[in-house]
Amino acid sequence: CKLSYASSPPALSRVFVSEQQLEKSLQQFGERWELNPGDGAFYGPKIDIQIKDAIGRQHQCATIQLDFQLPIRFSLQYVGRDGQLHRPVMIHRAVLGSLERMIAILAENFGGKWPLWLSPAQIRVIPVGGNSESYGRQVVEQFHEAGFMVDLDDDPGTTLNKKIRSAQLAQYNYIFVVGDKERESGAVNVRSRGGKQLGSRQTEEVLRSLIHLRDTRSNQNDF
């Protein structure tokens, strides 16, 4: 990710002051940025955020732009602390820029293997044998109430291995296998999308761990 500050061609003193203020804010931000003289829009200077895609190409996504023209065109005014009329400055703030471009860059970057906090298919619960189906539904409800995307695979005509493989191909972040043993102990047997077995763990412990991964927007798979 690269920040670039695009200044406008020398014009009004008001624009010059705004460029100084934008530059000061970037210095306070503390991350590396570059000055791009003369690349500002005709209506004022701006901050562009450029992101590299999977093969290293730069794309402009987020942008914050100062607009001195539209307030003039709309005859906008406000009363300042001095009791006098002043002209406001409009701020155009596009956090994602082009939504389609941002999604495309993310999809390329993750190769379809979305991290938990972005994934549309976070958890699949697979009950096996005995009376585990009702417990599986209980686990689904518990994680659903916590805000997770969770599904139950209760197809009786498919083997356990095929169910696990199907969940992996569908790119579920985690696969919970629950049987009579897990039902009796209030646990789930956890597998990651890559096939790593994380073992049998208490459901409440798993729930807390996944909430932490989601809320901190972590790209880690193990917990």
# chains A, B, ... in the order shown; residues from 1 in each chain; ligands from 1
$ residues_around --residues "Leu152 in chain A" --least-positions-apart "6" --cutoff "12 Å" --atoms "only C-alpha atoms" --output "MDAnalysis selection string"
chainID A and resid 121:128 132:141 143:144 163:164 167 172 175:178
$ write_last_selection --atoms "N, CA and C atoms" --output "CSV table (one decimal), in the first residue's frame"
chain,number,residue,atom,x,y,z
A,121,ALA,N,-18.0,-17.9,3.8
A,121,ALA,CA,-18.2,-19.3,4.2
A,121,ALA,C,-17.2,-19.6,5.4
A,122,GLN,N,-17.6,-19.3,6.6
A,122,GLN,CA,-16.6,-19.3,7.7
A,122,GLN,C,-16.5,-20.7,8.4
A,123,ILE,N,-17.7,-21.3,8.6
A,123,ILE,CA,-17.7,-22.5,9.4
A,123,ILE,C,-18.7,-23.5,8.8
A,124,ARG,N,-18.3,-24.8,8.7
A,124,ARG,CA,-19.2,-25.8,8.4
A,124,ARG,C,-19.2,-26.9,9.5
A,125,VAL,N,-20.3,-27.2,10.0
A,125,VAL,CA,-20.4,-28.2,11.1
A,125,VAL,C,-20.9,-29.5,10.5
A,126,ILE,N,-20.2,-30.6,10.8
A,126,ILE,CA,-20.5,-31.9,10.3
A,126,ILE,C,-20.8,-32.9,11.5
A,127,PRO,N,-22.0,-33.3,11.7
A,127,PRO,CA,-22.3,-34.3,12.7
A,127,PRO,C,-22.1,-35.7,12.2
A,128,VAL,N,-21.6,-36.5,13.1
A,128,VAL,CA,-21.4,-37.9,12.6
A,128,VAL,C,-21.9,-38.9,13.7
A,132,SER,N,-25.8,-37.0,17.3
A,132,SER,CA,-25.0,-35.8,17.2
A,132,SER,C,-25.6,-34.7,16.3
A,133,GLU,N,-26.6,-35.0,15.5
A,133,GLU,CA,-27.2,-34.0,14.7
A,133,GLU,C,-27.8,-32.9,15.4
A,134,SER,N,-28.5,-33.2,16.5
A,134,SER,CA,-29.2,-32.2,17.3
A,134,SER,C,-28.1,-31.3,18.0
A,135,TYR,N,-27.0,-31.9,18.4
A,135,TYR,CA,-25.9,-31.2,19.0
A,135,TYR,C,-25.2,-30.3,17.9
A,136,GLY,N,-25.1,-30.8,16.7
A,136,GLY,CA,-24.6,-30.0,15.6
A,136,GLY,C,-25.4,-28.8,15.3
A,137,ARG,N,-26.7,-28.9,15.4
A,137,ARG,CA,-27.6,-27.8,15.2
A,137,ARG,C,-27.4,-26.8,16.3
A,138,GLN,N,-27.2,-27.3,17.5
A,138,GLN,CA,-27.0,-26.4,18.7
A,138,GLN,C,-25.7,-25.6,18.5
A,139,VAL,N,-24.6,-26.2,18.0
A,139,VAL,CA,-23.4,-25.5,17.7
A,139,VAL,C,-23.6,-24.5,16.6
A,140,VAL,N,-24.3,-24.8,15.6
A,140,VAL,CA,-24.6,-23.9,14.5
A,140,VAL,C,-25.3,-22.7,15.0
A,141,GLU,N,-26.3,-22.9,15.8
A,141,GLU,CA,-27.1,-21.7,16.4
A,141,GLU,C,-26.2,-20.9,17.3
A,143,PHE,N,-22.9,-20.3,17.2
A,143,PHE,CA,-22.0,-19.5,16.4
A,143,PHE,C,-22.7,-18.5,15.5
A,144,HIS,N,-23.9,-18.9,15.0
A,144,HIS,CA,-24.7,-18.0,14.2
A,144,HIS,C,-25.1,-16.7,15.1
A,163,LYS,N,-17.6,-35.3,3.0
A,163,LYS,CA,-18.2,-34.0,3.6
A,163,LYS,C,-17.0,-33.1,3.9
A,164,ILE,N,-15.9,-33.6,4.5
A,164,ILE,CA,-14.8,-32.8,4.8
A,164,ILE,C,-14.2,-32.2,3.6
A,167,ALA,N,-16.3,-29.4,2.1
A,167,ALA,CA,-16.1,-28.2,2.9
A,167,ALA,C,-14.8,-27.5,2.5
A,172,TYR,N,-14.4,-23.2,3.2
A,172,TYR,CA,-14.8,-22.9,4.6
A,172,TYR,C,-13.5,-22.7,5.4
A,175,ILE,N,-13.8,-26.4,9.8
A,175,ILE,CA,-14.7,-27.5,9.8
A,175,ILE,C,-14.8,-28.1,11.2
A,176,PHE,N,-16.0,-28.1,11.7
A,176,PHE,CA,-16.2,-28.7,13.0
A,176,PHE,C,-16.9,-30.1,12.8
A,177,VAL,N,-16.2,-31.1,13.3
A,177,VAL,CA,-16.8,-32.4,13.3
A,177,VAL,C,-17.2,-32.7,14.7
A,178,VAL,N,-18.5,-33.1,14.8
A,178,VAL,CA,-19.1,-33.4,16.2
A,178,VAL,C,-19.7,-34.8,16.2
$ residues_around --residues "range 103-118 of chain A" --least-positions-apart "6" --cutoff "10 Å" --atoms "only C-alpha atoms" --output "list in words"
Ile51, Lys52, Asp53, Ala54, Ile55, His59, Cys61, Leu96, Phe148, Met149, Ala170, Gln171, Tyr172, Asn173, Tyr174, Arg193, Gly194, Leu210, Ile211, His212, Leu213, Arg214, Asp215, Thr216, Arg217, Ser218, Asn219, Gln220 and Asn221 of chain A
$ write_last_selection --atoms "N, CA and C atoms" --output "mmCIF file, in the first residue's frame"
data_model
loop_
_atom_site.group_PDB
_atom_site.id
_atom_site.type_symbol
_atom_site.label_atom_id
_atom_site.label_comp_id
_atom_site.auth_asym_id
_atom_site.auth_seq_id
_atom_site.Cartn_x
_atom_site.Cartn_y
_atom_site.Cartn_z
ATOM 1 N N ILE A 51 -2.682 0.582 -4.041
ATOM 2 C CA ILE A 51 -2.515 -0.776 -3.532
ATOM 3 C C ILE A 51 -1.942 -1.653 -4.635
ATOM 4 N N LYS A 52 -0.998 -2.523 -4.265
ATOM 5 C CA LYS A 52 -0.426 -3.471 -5.221
ATOM 6 C C LYS A 52 -1.311 -4.705 -5.334
ATOM 7 N N ASP A 53 -1.496 -5.179 -6.570
ATOM 8 C CA ASP A 53 -2.251 -6.417 -6.754
ATOM 9 C C ASP A 53 -1.299 -7.615 -6.656
ATOM 10 N N ALA A 54 -1.796 -8.799 -6.988
ATOM 11 C CA ALA A 54 -1.033 -10.032 -6.789
ATOM 12 C C ALA A 54 0.243 -10.085 -7.621
ATOM 13 N N ILE A 55 0.306 -9.348 -8.736
ATOM 14 C CA ILE A 55 1.510 -9.379 -9.578
ATOM 15 C C ILE A 55 2.276 -8.057 -9.523
ATOM 16 N N HIS A 59 -2.620 0.117 -8.115
ATOM 17 C CA HIS A 59 -3.973 0.573 -8.425
ATOM 18 C C HIS A 59 -4.384 1.626 -7.402
ATOM 19 N N CYS A 61 -6.966 3.188 -5.151
ATOM 20 C CA CYS A 61 -8.250 2.773 -4.550
ATOM 21 C C CYS A 61 -8.816 3.925 -3.727
ATOM 22 N N LEU A 96 -13.065 2.998 -0.325
ATOM 23 C CA LEU A 96 -12.684 1.875 -1.168
ATOM 24 C C LEU A 96 -12.365 2.286 -2.599
ATOM 25 N N PHE A 148 -21.384 -15.364 13.063
ATOM 26 C CA PHE A 148 -20.587 -16.091 12.073
ATOM 27 C C PHE A 148 -21.467 -16.669 10.971
ATOM 28 N N MET A 149 -20.855 -16.834 9.792
ATOM 29 C CA MET A 149 -21.497 -17.527 8.675
ATOM 30 C C MET A 149 -21.240 -19.019 8.869
ATOM 31 N N ALA A 170 -15.065 -25.882 -0.839
ATOM 32 C CA ALA A 170 -15.912 -24.689 -0.740
ATOM 33 C C ALA A 170 -15.225 -23.566 0.020
ATOM 34 N N GLN A 171 -13.994 -23.812 0.483
ATOM 35 C CA GLN A 171 -13.158 -22.818 1.155
ATOM 36 C C GLN A 171 -13.744 -22.335 2.479
ATOM 37 N N TYR A 172 -14.410 -23.236 3.210
ATOM 38 C CA TYR A 172 -14.795 -22.895 4.586
ATOM 39 C C TYR A 172 -13.520 -22.749 5.409
ATOM 40 N N ASN A 173 -13.458 -21.709 6.215
ATOM 41 C CA ASN A 173 -12.257 -21.488 7.017
ATOM 42 C C ASN A 173 -12.031 -22.603 8.032
ATOM 43 N N TYR A 174 -13.132 -23.058 8.647
ATOM 44 C CA TYR A 174 -13.013 -24.092 9.669
ATOM 45 C C TYR A 174 -14.111 -25.133 9.498
ATOM 46 N N ARG A 193 -9.061 -25.049 6.992
ATOM 47 C CA ARG A 193 -9.346 -25.180 5.568
ATOM 48 C C ARG A 193 -8.252 -25.946 4.834
ATOM 49 N N GLY A 194 -7.013 -25.785 5.310
ATOM 50 C CA GLY A 194 -5.899 -26.458 4.668
ATOM 51 C C GLY A 194 -5.735 -27.904 5.078
ATOM 52 N N LEU A 210 -12.281 -17.554 17.835
ATOM 53 C CA LEU A 210 -12.702 -17.099 16.506
ATOM 54 C C LEU A 210 -13.241 -15.679 16.544
ATOM 55 N N ILE A 211 -13.902 -15.306 17.614
ATOM 56 C CA ILE A 211 -14.354 -13.920 17.755
ATOM 57 C C ILE A 211 -13.149 -12.986 17.767
ATOM 58 N N HIS A 212 -12.086 -13.404 18.468
ATOM 59 C CA HIS A 212 -10.875 -12.579 18.515
ATOM 60 C C HIS A 212 -10.250 -12.451 17.125
ATOM 61 N N LEU A 213 -10.125 -13.580 16.393
ATOM 62 C CA LEU A 213 -9.560 -13.531 15.050
ATOM 63 C C LEU A 213 -10.386 -12.643 14.133
ATOM 64 N N ARG A 214 -11.700 -12.744 14.249
ATOM 65 C CA ARG A 214 -12.579 -11.953 13.382
ATOM 66 C C ARG A 214 -12.506 -10.472 13.723
ATOM 67 N N ASP A 215 -12.606 -10.144 14.997
ATOM 68 C CA ASP A 215 -12.702 -8.754 15.396
ATOM 69 C C ASP A 215 -11.374 -8.015 15.245
ATOM 70 N N THR A 216 -10.262 -8.749 15.307
ATOM 71 C CA THR A 216 -8.951 -8.112 15.086
ATOM 72 C C THR A 216 -8.547 -8.152 13.612
ATOM 73 N N ARG A 217 -9.413 -8.717 12.780
ATOM 74 C CA ARG A 217 -9.171 -8.842 11.340
ATOM 75 C C ARG A 217 -7.829 -9.525 11.057
ATOM 76 N N SER A 218 -7.596 -10.598 11.772
ATOM 77 C CA SER A 218 -6.355 -11.345 11.609
ATOM 78 C C SER A 218 -6.424 -12.235 10.379
ATOM 79 N N ASN A 219 -5.283 -12.417 9.730
ATOM 80 C CA ASN A 219 -5.182 -13.333 8.593
ATOM 81 C C ASN A 219 -4.646 -14.699 9.004
ATOM 82 N N GLN A 220 -4.498 -14.920 10.305
ATOM 83 C CA GLN A 220 -4.012 -16.193 10.806
ATOM 84 C C GLN A 220 -5.123 -17.244 10.746
ATOM 85 N N ASN A 221 -4.705 -18.504 10.588
ATOM 86 C CA ASN A 221 -5.666 -19.607 10.564
ATOM 87 C C ASN A 221 -5.669 -20.397 11.860
#
$ atom_distance --atom1 "CA of Gly186 in chain A" --atom2 "CA of Arg165 in chain A"
24.6 Å
$ atom_distance --atom1 "CA of Gly30 in chain A" --atom2 "CA of Ala94 in chain A"
21.0 Å
$ atom_distance --atom1 "CA of Arg183 in chain A" --atom2 "CA of Pro156 in chain A"
18.4 Å
$ select_by_dssp --residues "range 68-214 of chain A" --states "strand (DSSP E)" --output "ChimeraX atom specification"
/A:78-79,85-86,90-94,123-127,150-152,174-178,187-192,197-202
$ select_by_dssp --residues "range 173-202 of chain A" --states "helix (DSSP H, G or I)" --output "number ranges by chain"
A: 180-185
$ write_last_selection --atoms "N, CA and C atoms" --output "short mmCIF file (atom, residue, chain, number, x, y, z; two decimals), in the first residue's frame"
data_model
loop_
_atom_site.label_atom_id
_atom_site.label_comp_id
_atom_site.auth_asym_id
_atom_site.auth_seq_id
_atom_site.Cartn_x
_atom_site.Cartn_y
_atom_site.Cartn_z
N ASP A 180 -20.79 -38.18 19.24
CA ASP A 180 -21.30 -38.39 20.60
C ASP A 180 -20.28 -37.95 21.64
N LYS A 181 -19.01 -38.17 21.36
CA LYS A 181 -17.96 -37.78 22.31
C LYS A 181 -17.94 -36.27 22.51
N GLU A 182 -18.03 -35.52 21.41
CA GLU A 182 -18.04 -34.05 21.51
C GLU A 182 -19.33 -33.57 22.17
N ARG A 183 -20.44 -34.24 21.87
CA ARG A 183 -21.71 -33.84 22.49
C ARG A 183 -21.66 -33.99 24.00
N GLU A 184 -21.09 -35.07 24.47
CA GLU A 184 -21.03 -35.32 25.92
C GLU A 184 -20.11 -34.35 26.64
N SER A 185 -19.05 -33.90 25.95
CA SER A 185 -18.07 -33.01 26.59
C SER A 185 -18.25 -31.54 26.24
#
$ residues_around --residues "range 67-76 of chain A" --least-positions-apart "6" --cutoff "7 Å" --atoms "only C-alpha atoms" --output "MDAnalysis selection string"
chainID A and resid 43:44 87:91
$ write_last_selection --atoms "all heavy atoms" --output "tab-separated table (two decimals), in the first residue's frame"
chain	number	residue	atom	x	y	z
A	43	TYR	N	-10.14	20.91	-8.93
A	43	TYR	CA	-10.88	21.56	-7.85
A	43	TYR	C	-10.12	21.55	-6.52
A	43	TYR	O	-10.62	22.05	-5.52
A	43	TYR	CB	-12.24	20.87	-7.65
A	43	TYR	CG	-12.20	19.37	-7.62
A	43	TYR	CD1	-11.77	18.68	-6.49
A	43	TYR	CD2	-12.60	18.62	-8.72
A	43	TYR	CE1	-11.73	17.30	-6.46
A	43	TYR	CE2	-12.57	17.24	-8.71
A	43	TYR	CZ	-12.13	16.58	-7.57
A	43	TYR	OH	-12.09	15.21	-7.54
A	44	GLY	N	-8.89	20.95	-6.48
A	44	GLY	CA	-8.13	21.00	-5.24
A	44	GLY	C	-7.18	19.83	-5.08
A	44	GLY	O	-7.20	18.88	-5.87
A	87	ARG	N	-16.70	30.69	3.23
A	87	ARG	CA	-16.95	29.64	2.24
A	87	ARG	C	-16.36	28.32	2.76
A	87	ARG	O	-15.19	28.26	3.07
A	87	ARG	CB	-16.29	30.00	0.92
A	87	ARG	CG	-16.54	28.99	-0.21
A	87	ARG	CD	-17.89	29.23	-0.85
A	87	ARG	NE	-17.93	30.50	-1.55
A	87	ARG	CZ	-19.04	31.06	-2.02
A	87	ARG	NH1	-20.21	30.44	-1.85
A	87	ARG	NH2	-19.01	32.23	-2.64
A	88	PRO	N	-17.17	27.25	2.83
A	88	PRO	CA	-16.64	25.96	3.29
A	88	PRO	C	-15.82	25.28	2.20
A	88	PRO	O	-15.83	25.69	1.04
A	88	PRO	CB	-17.90	25.14	3.60
A	88	PRO	CG	-18.92	25.68	2.66
A	88	PRO	CD	-18.61	27.16	2.52
A	89	VAL	N	-15.11	24.24	2.60
A	89	VAL	CA	-14.38	23.37	1.67
A	89	VAL	C	-15.03	22.00	1.72
A	89	VAL	O	-15.26	21.45	2.80
A	89	VAL	CB	-12.89	23.27	2.04
A	89	VAL	CG1	-12.17	22.28	1.11
A	89	VAL	CG2	-12.23	24.64	1.97
A	90	MET	N	-15.36	21.44	0.57
A	90	MET	CA	-15.99	20.13	0.51
A	90	MET	C	-14.91	19.04	0.48
A	90	MET	O	-13.87	19.20	-0.17
A	90	MET	CB	-16.87	20.02	-0.73
A	90	MET	CG	-17.68	18.74	-0.81
A	90	MET	SD	-18.83	18.77	-2.23
A	90	MET	CE	-19.98	20.04	-1.71
A	91	ILE	N	-15.16	17.95	1.21
A	91	ILE	CA	-14.23	16.82	1.24
A	91	ILE	C	-14.89	15.62	0.57
A	91	ILE	O	-15.97	15.19	0.97
A	91	ILE	CB	-13.82	16.46	2.68
A	91	ILE	CG1	-13.10	17.63	3.34
A	91	ILE	CG2	-12.93	15.22	2.68
A	91	ILE	CD1	-12.74	17.39	4.78
